[in-house]
Every structure is written in C-alpha cells, then in structure tokens.
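Peer 1: Sharing a structure with you now.
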Amino acid sequence: GDSVTQMEGPVTLSEEAFLTINCTYTATGYPSLFWYVQYPGEGLQLLLKATKADDKGSNKGFEATYRKETTSFHLEKGSVQVSDSAVYFCALRKDTGFQKLVFGTGTRLLVSP
Amino acid sequence: NAGVTQTPKFRVLKTGQSMTLLCAQDMNHEYMYWYRQDPGMGLRLIHYSVGEGTTAKGEVPDGYNVSRLKKQNFLLGLESAAPSQTSVYFCASSYGRVMQETQYFGPGTRLLVL
C-alpha cells in the first residue's frame, strides 16, 4: 500500500541553522505531496504542496521539490527561527477516487535561540 | 470565518462510557474527515464523509460511529470507550470536488479513557 517515511526526530537546531527533514514515499501512480506543520496545541496546517514531478512547493521560507526518480520530497529552510519549532508531517494524496491523505509519522523540530 | 471547530477540547472518560465529538465547518466544504493521532503513528483516518447524509469507513473505524446530518457538521461517536481510544482526534474538511485541493484541520480534541 501507499506509505510515507520520515526521518525520526527530534531535530534540534540553533537559530539561523539550515534545516533538512527527509521524506520518501511509496505509491503507485502520481500522487500529490504535502508538508503539514503542527504548532504546539494546534491542528495541522498546510505548509506547502507539489502536484507533479519536479514541482517545487514553497512557503514561509520553506521549500520542497517533488523528485519522482528518488521518490522524495525533502523539506528545507535556509535559516530557521525559534518560531519554526513544531512537528512537521509529510503526506501524499492519490488524486483518483477518494482523496485520502496518507501521513508520515511526523518529525519534531526544536530551534533554540 | 471560524474555519473548522471541534468540541470539546479535552475530555476524560471511564471505560465503557459513551460520548460524541462534534466537528463544525463554515466553509461549505463537501468532504469531512475524522482522524486520530497517536505517538509515532502519524494521523490515521477513522471515518469520512463525501457529502451530507453519507459516511464511509477509513483505516481504523472499529469502535466508532459517525453521522453527517447537516453539511456543516460531522459527529464522531464512541458507544463504549476503551483505553485504546485514548488519543488526539482531529477533524478536517475539504471542498472535495476540485482536484489538488487541501484539507483544513480543526484544533483537535484530546481524549483520555481510564
């Protein structure tokens, strides 16, 4: 079945450090890929998305590129802030039939001043 | 717009008790979903609805029932709560008709079953 694998956390960084959170997927066909972020005590929010190979999603300084050849969608940010501390979820959605989201297990990011 | 709201925010139940979680959205979305979030397991889909009066099972439906009597509301019921149902429950909604759209999540309900 379809699945998403994320790097285990927590990822601990100092402010202004470079961030990479790895995400790989297994799916048939051509899924859409998403990164969601969950801030403490809140629900998930869509951070960025990409719907086809080589698309780059970007938002709030975060970027991720849909790499079909490596089945990956790694999240990057050049300079993290304390306010970026959150849990990040990678997800895929098959765009046929029911639009079910398949989530990874989440990666906690902790940014210290 | 309030977006997606959930009631209650937190609840403690004893084994065997029943309760209903309420999800409401004011975005006129067709599709609504209930997920549970457990440590190390990400989010798993419990039930979903593709329109008023319709419901369907997701990945982990056992022990739960749902109803969608009004388009804006999606109720999740636990008839006889078990400790294994201790979790954080998230409701989400989406337009559902347009390809490549996104789901909007509520703030969650934390449930503890003793």
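Convention: chains lettered A, B, ... in structure tokens order; per-chain residue numbering from 1; ligands numbered from 1 as shown.
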Which of chain B counts as strand (DSSP E or B) under DSSP, as a PyMOL selection string please?
Peer 2: chain B and resi 4-7+10-13+19-25+31-37+43-49+56-57+65-67+73-78+87-94+104-105+109-113
Peer 1: Might you pull out every residue within 10 Å of segment 102-110 of chain B, with only C-alpha atoms counted and same-chain residues fewer than 4 positions away left off, and present them as a VMD selection string?
Peer 2: (chain A and resid 34 38 41 to 46 49 93 99 to 101) or (chain B and resid 2 to 12 21 to 25 27 29 31 to 37 86 to 96 98)
Peer 1: Could you save those same residues with N, CA and C atoms as a short mmCIF file (atom, residue, chain, number, x, y, z; two decimals), in the first residue's frame?
Peer 2:
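Written out: part.cif:
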```cif
data_model
loop_
_atom_site.label_atom_id
_atom_site.label_comp_id
_atom_site.auth_asym_id
_atom_site.auth_seq_id
_atom_site.Cartn_x
_atom_site.Cartn_y
_atom_site.Cartn_z
N PHE A 34 2.63 16.69 0.12
CA PHE A 34 2.34 17.81 1.02
C PHE A 34 3.29 17.80 2.21
N GLN A 38 2.40 21.32 12.49
CA GLN A 38 1.54 21.36 13.69
C GLN A 38 2.28 22.10 14.79
N GLY A 41 -0.16 22.60 20.54
CA GLY A 41 -1.55 22.84 20.93
C GLY A 41 -2.50 23.17 19.81
N GLU A 42 -2.04 23.05 18.56
CA GLU A 42 -2.88 23.41 17.44
C GLU A 42 -3.09 22.22 16.49
N GLY A 43 -4.00 22.40 15.54
CA GLY A 43 -4.19 21.40 14.50
C GLY A 43 -3.17 21.56 13.40
N LEU A 44 -3.23 20.66 12.43
CA LEU A 44 -2.29 20.72 11.32
C LEU A 44 -2.66 21.83 10.35
N GLN A 45 -1.62 22.45 9.80
CA GLN A 45 -1.81 23.47 8.77
C GLN A 45 -0.99 23.09 7.55
N LEU A 46 -1.56 23.32 6.39
CA LEU A 46 -0.80 23.06 5.18
C LEU A 46 0.35 24.05 5.07
N LYS A 49 2.87 22.39 -0.94
CA LYS A 49 2.48 21.20 -1.67
C LYS A 49 3.09 21.22 -3.07
N ARG A 93 -1.21 12.21 -1.38
CA ARG A 93 -2.62 12.02 -1.71
C ARG A 93 -2.72 11.53 -3.13
N GLN A 99 -10.10 11.26 -1.99
CA GLN A 99 -8.84 11.98 -1.81
C GLN A 99 -8.26 11.76 -0.43
N LYS A 100 -7.87 10.52 -0.17
CA LYS A 100 -7.33 10.18 1.14
C LYS A 100 -5.89 10.66 1.27
N LEU A 101 -5.60 11.26 2.43
CA LEU A 101 -4.22 11.66 2.74
C LEU A 101 -3.55 10.53 3.52
N ALA B 2 -14.74 31.02 11.02
CA ALA B 2 -14.09 30.29 12.10
C ALA B 2 -13.27 29.13 11.54
N GLY B 3 -13.58 28.66 10.32
CA GLY B 3 -12.86 27.52 9.76
C GLY B 3 -13.47 26.23 10.28
N VAL B 4 -12.62 25.37 10.84
CA VAL B 4 -13.05 24.10 11.40
C VAL B 4 -12.93 24.18 12.92
N THR B 5 -14.03 23.93 13.61
CA THR B 5 -14.02 23.97 15.07
C THR B 5 -14.39 22.59 15.61
N GLN B 6 -13.87 22.27 16.80
CA GLN B 6 -14.14 20.99 17.43
C GLN B 6 -14.55 21.20 18.87
N THR B 7 -15.50 20.39 19.30
CA THR B 7 -15.99 20.43 20.68
C THR B 7 -16.09 19.02 21.21
N PRO B 8 -15.61 18.70 22.43
CA PRO B 8 -14.87 19.58 23.33
C PRO B 8 -13.38 19.61 23.00
N LYS B 9 -12.62 20.36 23.74
CA LYS B 9 -11.17 20.39 23.55
C LYS B 9 -10.48 19.25 24.29
N PHE B 10 -11.06 18.87 25.41
CA PHE B 10 -10.46 17.83 26.24
C PHE B 10 -11.56 17.11 26.99
N ARG B 11 -11.38 15.78 27.14
CA ARG B 11 -12.39 15.01 27.85
C ARG B 11 -11.73 13.79 28.47
N VAL B 12 -12.19 13.48 29.70
CA VAL B 12 -11.76 12.25 30.36
C VAL B 12 -12.98 11.34 30.49
N LEU B 21 -18.12 13.51 19.78
CA LEU B 21 -17.28 14.64 19.43
C LEU B 21 -17.93 15.37 18.25
N LEU B 22 -17.97 16.70 18.36
CA LEU B 22 -18.61 17.49 17.32
C LEU B 22 -17.57 18.25 16.51
N CYS B 23 -17.73 18.21 15.20
CA CYS B 23 -16.91 18.99 14.29
C CYS B 23 -17.84 19.87 13.47
N ALA B 24 -17.49 21.14 13.33
CA ALA B 24 -18.28 22.06 12.53
C ALA B 24 -17.36 22.86 11.62
N GLN B 25 -17.82 23.08 10.38
CA GLN B 25 -17.06 23.90 9.44
C GLN B 25 -18.00 24.89 8.77
N MET B 27 -17.11 26.60 5.86
CA MET B 27 -16.53 26.89 4.55
C MET B 27 -17.32 26.24 3.41
N HIS B 29 -17.71 23.17 2.82
CA HIS B 29 -16.98 22.04 2.25
C HIS B 29 -17.89 20.82 2.13
N TYR B 31 -16.53 17.54 1.75
CA TYR B 31 -15.89 16.39 2.38
C TYR B 31 -15.49 16.73 3.81
N MET B 32 -15.71 15.78 4.70
CA MET B 32 -15.24 15.93 6.08
C MET B 32 -14.64 14.61 6.53
N TYR B 33 -13.70 14.71 7.50
CA TYR B 33 -12.89 13.55 7.89
C TYR B 33 -12.68 13.57 9.41
N TRP B 34 -12.56 12.39 9.97
CA TRP B 34 -12.09 12.25 11.34
C TRP B 34 -10.82 11.41 11.34
N TYR B 35 -9.79 11.95 12.03
CA TYR B 35 -8.50 11.26 12.19
C TYR B 35 -8.22 11.10 13.68
N ARG B 36 -7.37 10.12 13.97
CA ARG B 36 -6.79 10.05 15.30
C ARG B 36 -5.27 10.12 15.17
N GLN B 37 -4.66 10.77 16.15
CA GLN B 37 -3.21 10.96 16.15
C GLN B 37 -2.64 10.29 17.38
N THR B 86 -7.78 6.22 23.76
CA THR B 86 -7.07 7.40 24.23
C THR B 86 -6.21 7.93 23.09
N SER B 87 -6.45 9.18 22.71
CA SER B 87 -5.79 9.71 21.53
C SER B 87 -6.14 11.20 21.40
N VAL B 88 -5.56 11.81 20.38
CA VAL B 88 -5.98 13.15 19.98
C VAL B 88 -6.74 12.99 18.67
N TYR B 89 -7.94 13.55 18.63
CA TYR B 89 -8.81 13.39 17.47
C TYR B 89 -8.87 14.72 16.70
N PHE B 90 -8.63 14.60 15.40
CA PHE B 90 -8.69 15.77 14.53
C PHE B 90 -9.78 15.60 13.49
N CYS B 91 -10.51 16.67 13.29
CA CYS B 91 -11.47 16.75 12.22
C CYS B 91 -10.86 17.60 11.11
N ALA B 92 -11.21 17.29 9.87
CA ALA B 92 -10.75 18.08 8.74
C ALA B 92 -11.87 18.17 7.71
N SER B 93 -11.75 19.16 6.83
CA SER B 93 -12.73 19.29 5.76
C SER B 93 -12.04 19.76 4.49
N SER B 94 -12.69 19.51 3.36
CA SER B 94 -12.15 19.96 2.08
C SER B 94 -13.30 20.14 1.10
N TYR B 95 -13.04 20.90 0.02
CA TYR B 95 -14.07 21.10 -0.98
C TYR B 95 -14.48 19.79 -1.61
N GLY B 96 -13.49 18.96 -1.94
CA GLY B 96 -13.77 17.60 -2.38
C GLY B 96 -14.06 17.44 -3.84
N VAL B 98 -12.77 19.56 -6.35
CA VAL B 98 -11.69 20.09 -7.19
C VAL B 98 -10.43 19.29 -6.94
#
```
Peer 1: So what do you get for atom CA of Val111 of chain A versus atom CA of Pro10 of chain A, distance-wise?
Peer 2: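 Taking atom CA of Val111 of chain A and atom CA of Pro10 of chain A, their separation equals 10.3 Å.
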Peer 1: When you look at Val4 of chain A with a cut-off of 9 Å (counting only C-alpha atoms), what residues show up, excluding the ones that are within fewer than 3 positions of it in the same chain? I need them as a ChimeraX atom specification.
Peer 2: /A:23-27,90-92,102-105
Peer 1: Which residues are close to Ser49 of chain B, i.e. within 9 Å by only C-alpha atoms, leaving aside same-chain residues fewer than 5 positions away? Reply as a PyMOL selection string.
Peer 2: chain B and resi 30-33+54-57+66-68+74
Peer 1: Have a look at A:Arg108, A:Lys68, A:Ala50, A:Lys94 and name the one nearest to Gly1 of chain A; count only C-alpha atoms.
Peer 2: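 Nearest to Gly1 of chain A: A:Lys94.
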Peer 1: Can you pull out every residue within 10 Å of Lys70 of chain B, counting only C-alpha atoms, but drop anything in the same chain fewer than 5 positions away, and send it as a VMD selection string?
Peer 2: chain B and resid 24 51 to 53 75
Peer 1: Selection from above, C-alpha atoms, as a CSV table (one decimal), in the first residue's frame, can you write it?
Peer 2:
```csv
chain,number,residue,atom,x,y,z
B,24,ALA,CA,-18.3,22.1,12.5
B,51,GLY,CA,-21.5,14.8,1.5
B,52,GLU,CA,-24.5,15.4,3.7
B,53,GLY,CA,-26.1,12.1,4.7
B,75,LEU,CA,-20.2,13.9,14.6
```
